[in-house]
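Heads up, upload-v6.txt below (compact mmCIF, C-alpha atoms):
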# COMPACT_ATOMS: atom_id res chain seq x y z
CA MET A 131 6.62 20.86 15.27
CA TYR A 132 6.23 24.39 16.59
CA ILE A 133 4.34 26.27 19.32
CA ASP A 134 1.72 28.86 18.37
CA GLN A 135 3.03 31.75 20.44
CA GLU A 136 -0.31 33.56 20.38
CA ALA A 137 -2.17 30.60 21.84
CA CYS A 138 0.51 29.38 24.31
CA VAL A 139 0.13 30.46 27.95
CA GLY A 140 3.48 29.06 29.10
CA CYS A 141 2.03 26.48 31.48
CA GLY A 142 4.86 24.04 30.69
CA LEU A 143 2.63 20.94 30.70
CA CYS A 144 4.03 19.91 27.31
CA VAL A 145 7.70 19.94 28.41
CA PRO A 146 7.88 16.41 29.93
CA TYR A 147 6.08 14.91 26.91
CA CYS A 148 9.06 15.46 24.60
CA PRO A 149 11.26 12.33 24.66
CA VAL A 150 14.31 14.22 23.38
CA GLY A 151 14.09 17.37 25.48
CA ALA A 152 13.30 19.75 22.62
CA ILE A 153 10.61 21.76 24.48
CA SER A 154 11.35 24.46 27.02
CA VAL A 155 9.59 27.50 28.47
CA SER A 156 11.29 30.77 27.65
CA GLY A 157 9.89 34.23 28.24
CA ARG A 158 6.66 32.74 29.62
CA LYS A 159 6.05 30.85 26.38
CA ALA A 160 6.88 27.29 25.40
CA VAL A 161 9.23 26.87 22.44
CA ILE A 162 10.44 23.88 20.44
CA ASP A 163 14.08 23.78 19.40
CA ALA A 164 13.91 22.84 15.71
CA ASP A 165 17.38 21.28 15.62
CA THR A 166 16.65 19.02 18.60
CA CYS A 167 13.08 18.09 17.62
CA VAL A 168 12.76 14.71 15.89
CA GLU A 169 9.17 15.27 14.65
CA CYS A 170 7.80 12.33 16.65
CA SER A 171 4.55 14.23 17.45
CA CYS A 172 4.46 12.83 21.00
CA CYS A 173 3.72 16.29 22.39
CA ARG A 174 0.83 16.90 20.01
CA ARG A 175 -0.66 13.39 20.21
CA SER A 176 -0.67 13.57 24.01
CA ARG A 177 -3.28 16.38 23.79
CA VAL A 178 -1.80 17.79 26.97
CA CYS A 179 -1.96 21.36 25.64
CA ARG A 180 -5.19 22.96 26.86
CA LYS A 181 -4.86 25.75 24.29
CA ASP A 182 -4.12 23.49 21.31
CA ALA A 183 -0.96 25.49 20.71
CA ILE A 184 1.23 22.60 19.52
CA CYS A 185 1.25 22.58 15.73
CA GLN A 186 2.63 20.39 12.96
CA GLU A 187 4.07 22.20 9.98
CA GLU A 188 4.19 20.61 6.54
CA LEU A 189 7.36 18.56 6.34
CA LYS A 190 9.47 18.31 3.21
CA MET A 191 12.63 16.38 2.48
CA PRO A 192 15.09 16.02 4.01
CA ARG A 193 13.42 17.00 7.30
CA ALA A 194 10.52 14.64 6.57
CA VAL A 195 12.77 11.66 7.37
CA ARG A 196 12.59 12.73 11.01
CA SER A 197 8.88 11.96 11.05
CA VAL A 198 9.34 8.66 9.19
CA MET A 199 11.88 7.46 11.75
CA SER A 200 10.29 8.98 14.86
CA ASP A 201 6.49 8.99 14.47
CA VAL A 202 5.06 5.45 14.62
CA PHE A 203 2.03 6.58 12.62
CA THR A 204 4.04 7.71 9.60
CA ILE A 205 4.12 5.19 6.73
CA PHE A 206 7.36 4.83 4.80
CA GLU A 207 6.32 4.72 1.15
CA ASP A 208 9.08 2.40 -0.10
CA THR A 209 8.24 -0.36 2.40
CA GLY A 210 4.58 0.34 3.19
CA VAL A 211 5.40 -0.11 6.87
CA SER A 212 5.07 2.32 9.76
CA GLY A 213 7.82 2.53 12.36
CA ARG A 214 11.58 2.17 12.16
CA GLY A 215 12.06 -1.44 11.05
CA THR A 216 10.38 -4.35 9.32
CA GLU A 217 6.68 -4.88 9.95
CA GLU A 218 7.31 -7.16 12.91
CA MET A 219 10.80 -8.47 13.52
CA LYS A 220 9.49 -10.95 16.08
CA THR A 221 7.56 -12.86 13.40
CA ASN A 222 10.31 -12.87 10.80
CA GLU A 223 10.75 -16.61 11.29
CA VAL A 224 7.24 -16.97 9.83
CA THR A 225 8.04 -14.84 6.80
CA GLY A 226 11.33 -16.65 6.20
CA ARG A 227 13.64 -13.72 6.87
CA PHE A 228 15.37 -15.71 9.61
CA LYS A 229 16.74 -18.98 8.22
CA PRO A 230 18.49 -21.96 9.82
CA GLY A 231 22.22 -21.27 9.91
CA TRP A 232 21.64 -17.53 10.20
CA VAL A 233 20.64 -15.11 12.96
CA GLY A 234 18.70 -11.90 12.52
CA MET A 235 20.15 -8.88 14.28
CA ALA A 236 18.81 -5.40 14.96
CA LEU A 237 20.97 -2.54 16.14
CA GLU A 238 18.78 0.36 17.29
CA ALA A 239 20.66 3.63 17.63
CA GLY A 240 19.17 6.48 19.65
CA ARG A 241 15.97 6.18 21.71
CA PRO A 242 14.84 8.63 24.47
CA ILE A 243 17.07 11.58 25.39
CA ALA A 244 20.02 10.52 23.19
CA ALA A 245 18.29 10.26 19.79
CA ALA A 246 20.63 9.86 16.79
CA THR A 247 21.62 11.56 13.57
CA PHE A 248 22.04 9.67 10.32
CA ARG A 249 25.70 10.65 10.42
CA GLN A 250 26.03 8.64 13.64
CA VAL A 251 24.03 5.75 12.17
CA GLN A 252 26.24 5.82 9.08
CA GLU A 253 29.38 5.38 11.20
CA ILE A 254 27.85 2.22 12.67
CA ALA A 255 26.55 0.91 9.33
CA VAL A 256 29.87 1.45 7.54
CA ALA A 257 31.72 -0.42 10.29
CA LEU A 258 29.32 -3.35 10.01
CA ALA A 259 29.37 -3.38 6.21
CA GLY A 260 33.16 -3.27 6.17
CA THR A 261 33.31 -6.78 7.62
CA GLY A 262 31.60 -8.26 4.56
CA LEU A 263 29.68 -10.49 6.98
CA VAL A 264 26.32 -8.75 7.24
CA GLU A 265 23.38 -8.50 4.84
CA PHE A 266 21.22 -5.45 5.53
CA GLU A 267 17.46 -6.13 5.42
CA THR A 268 16.02 -4.56 2.26
CA CYS A 269 12.46 -4.21 3.63
CA ASN A 270 13.61 -1.62 6.13
CA PRO A 271 13.38 2.18 5.79
CA ILE A 272 16.95 2.68 7.03
CA THR A 273 18.35 0.40 4.33
CA GLN A 274 16.22 2.16 1.73
CA MET A 275 17.90 5.45 2.63
CA MET A 276 21.38 4.11 1.97
CA LYS A 277 23.16 5.03 -1.23
CA ASP A 278 24.56 1.52 -1.29
CA ASN A 279 23.54 -1.17 1.18
CA ARG A 280 26.84 -2.97 0.58
CA THR A 281 28.85 -0.09 2.03
CA GLY A 282 26.44 1.37 4.61
CA TYR A 283 26.75 4.94 3.31
CA PHE A 284 23.63 7.16 3.35
CA ARG A 285 22.47 10.00 1.16
CA GLU A 286 24.34 13.21 2.00
CA ASP A 287 21.18 15.32 2.35
CA ILE A 288 19.93 13.38 5.39
CA LEU A 289 23.19 12.90 7.33
CA ASP A 290 22.48 15.69 9.83
CA GLU A 291 18.80 14.89 10.29
CA ARG A 292 18.07 13.81 13.87
CA VAL A 293 15.66 10.97 14.62
CA TYR A 294 14.19 9.33 17.72
CA SER A 295 15.94 6.13 16.76
CA ALA A 296 17.08 4.19 13.71
CA ILE A 297 17.07 0.41 13.42
CA LEU A 298 19.71 -1.31 11.33
CA GLU A 299 18.48 -4.84 10.60
CA PHE A 300 20.79 -7.45 9.15
CA SER A 301 21.48 -11.18 8.96
CA VAL A 302 24.69 -12.94 9.98
CA PRO A 303 25.83 -16.57 9.55
CA VAL A 304 25.79 -18.29 12.96
CA GLU A 305 29.45 -19.26 12.66
CA ARG A 306 30.43 -15.58 12.24
CA LEU A 307 28.21 -14.22 15.02
CA ALA A 308 31.04 -13.98 17.56
CA GLU A 309 33.01 -11.74 15.17
CA VAL A 310 30.07 -9.39 14.67
CA LEU A 311 29.37 -9.25 18.41
CA ALA A 312 32.99 -8.30 19.05
CA LEU A 313 32.69 -5.55 16.44
CA CYS A 314 29.50 -4.26 18.11
CA LYS A 315 31.48 -3.84 21.33
CA GLU A 316 34.11 -1.84 19.47
CA ILE A 317 31.42 0.34 17.88
CA ALA A 318 29.77 0.94 21.26
CA ALA A 319 33.03 2.32 22.63
CA LYS A 320 33.40 4.77 19.75
CA THR A 321 29.89 5.97 18.89
CA SER A 322 28.62 9.28 20.26
CA THR A 323 25.08 7.93 20.64
CA VAL A 324 23.75 4.78 22.30
CA PHE A 325 22.29 1.62 20.85
CA SER A 326 20.54 -1.58 21.87
CA LEU A 327 21.23 -4.91 20.23
CA ASP A 328 18.72 -7.64 19.39
CA VAL A 329 19.56 -11.14 18.20
CA SER A 330 16.86 -13.47 16.85
CA SER A 331 17.26 -17.14 15.99
CA VAL A 332 15.10 -20.02 14.82
CA THR A 333 14.84 -22.90 17.30
CA LEU A 334 15.34 -25.70 14.75
CA GLY A 335 18.14 -28.10 15.63
CA GLY A 336 18.83 -26.33 18.89
CA GLN A 337 20.21 -23.30 17.08
CA ASP A 338 18.76 -20.94 19.68
CA GLN A 339 20.79 -22.57 22.44
CA ALA A 340 23.95 -22.49 20.33
CA VAL A 341 23.39 -18.78 19.66
CA ARG A 342 22.87 -18.12 23.35
CA GLU A 343 26.18 -19.81 24.19
CA ILE A 344 27.98 -17.73 21.56
CA MET A 345 26.52 -14.52 22.99
CA GLU A 346 27.39 -15.40 26.56
CA GLY A 347 30.88 -16.43 25.46
CA ALA A 348 31.26 -12.99 23.87
CA GLY A 349 30.35 -11.34 27.19
CA PHE A 350 26.74 -10.40 26.39
CA SER A 351 23.98 -10.83 28.97
CA VAL A 352 21.06 -12.56 27.25
CA ARG A 353 17.65 -11.15 28.14
CA PRO A 354 15.09 -13.41 26.41
CA ASN A 355 12.14 -11.54 24.98
CA GLY A 356 9.13 -12.52 22.93
CA LYS A 357 5.48 -11.89 22.21
CA VAL A 358 2.44 -14.11 22.28
CA ASN A 359 2.33 -14.07 18.47
CA LEU A 360 5.83 -15.51 18.17
CA GLY A 361 5.71 -18.69 16.10
CA LEU A 362 1.93 -18.87 16.13
CA GLY A 363 1.43 -17.61 12.59
CA ARG A 364 1.06 -19.96 9.67
CA PRO A 365 4.49 -20.19 8.03
CA LEU A 366 4.67 -18.31 4.75
CA HIS A 367 7.98 -19.95 3.98
CA GLN A 368 9.11 -23.57 4.23
CA PHE A 369 12.77 -24.30 4.97
If you convert what's in this file into structure tokens, what do you get?
Amino acid sequence: MYIDQEACVGCGLCVPYCPVGAISVSGRKAVIDADTCVECSCCRRSRVCRKDAICQEELKMPRAVRSVMSDVFTIFEDTGVSGRGTEEMKTNEVTGRFKPGWVGMALEAGRPIAAATFRQVQEIAVALAGTGLVEFETCNPITQMMKDNRTGYFREDILDERVYSAILEFSVPVERLAEVLALCKEIAAKTSTVFSLDVSSVTLGGQDQAVREIMEGAGFSVRPNGKVNLGLGRPLHQF
């Protein structure tokens, strides 16, 4: 993204619309810091600029990954899905991604203000992969950008690209969940960005309650979340 300096009048209305603080007014004109910008297009889509001075330049690799990970309207070609994760993690029990005996987890690095670079995401992914306990979700743009989803290492050309957030999705056996949760705490203490952690479980056999007890035992506050479509779809997979 960039500001057309001829059209801009320096009103500053666009400044609060940037979720990562990349826009400022300097010399009576608004400017976008290219290194900070994550190409989410929030400023342009808001249509707050009365002079239509916010412009989108043609993006090429590796910078184009910023748009893929930050702009919800950008489709990732390898998965055919827009956004930063699978098509809808909250219906993965319908598609069969979440199986009895396993929990689905999502670690989302970045989000407003903090954002994240792939170098930071790689540090987290490598730590998770090093346990040998996790299986990264293949239908996920982040996994597709790894050189090897068994090690968690990414392509070198994208390591310093900054994105709004990046979602690592993976599955863990229920009996090893406590170990992975403990590791997530260690990672949180070391990472230079922030992340949120989601844990999803099927309800068969009371597994959801068992998972809740494991999380609380590991010192995590459980904040149940769901959507009205959860579990209402016709199962595409039979266990």
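Ranking A:Leu327, A:Leu258, A:Cys138, A:Ala340 by their shortest atom-to-atom distance to Glu309 (chain A), with all atoms listed in the file included, puts A:Leu258 first.
Comparing A:Leu189, A:Ile272, A:Val168, A:Val178 by their smallest distance to Cys144 (chain A), the closest is A:Val178 (using all atoms listed in the file).
Minimum atom-to-atom distances from A:Ser301, A:Leu313, A:Ser197, A:Trp232 to Val256 (chain A) were compared using all atoms listed in the file, and the lowest value belongs to A:Leu313.
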Exercise. Find, counting only C-alpha atoms, the residue in A:Val302, A:Cys179, A:Ala312, A:Ala296 that gets nearest to Thr247 (chain A).
Key: A:Ala296
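Of the listed residues A:Ala183, A:Met276, A:Val304, A:Val293, the one whose atoms come nearest to Gly231 (chain A) is A:Val304, with distances taken using only C-alpha atoms.
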Quiz prompt | For CA of Val324 (chain A) and CA of Leu289 (chain A), the interatomic separation in Å (one decimal) | solution = 17.0 Å
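Take the candidates A:Ile133, A:Val150, A:Cys172, A:Val310 and check each one against Arg241 (chain A) using all atoms listed in the file; the shortest distance goes to A:Val150.
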Self-check item: Long-range neighbours of region 278-280 of chain A as a count of residues only, 10 Å cut-off, only C-alpha atoms, 6 positions minimum in chain
Solution: 12
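Taking CA of Asp287 (chain A) as the reference point, CA of Thr321 (chain A) is found at 20.9 Å.
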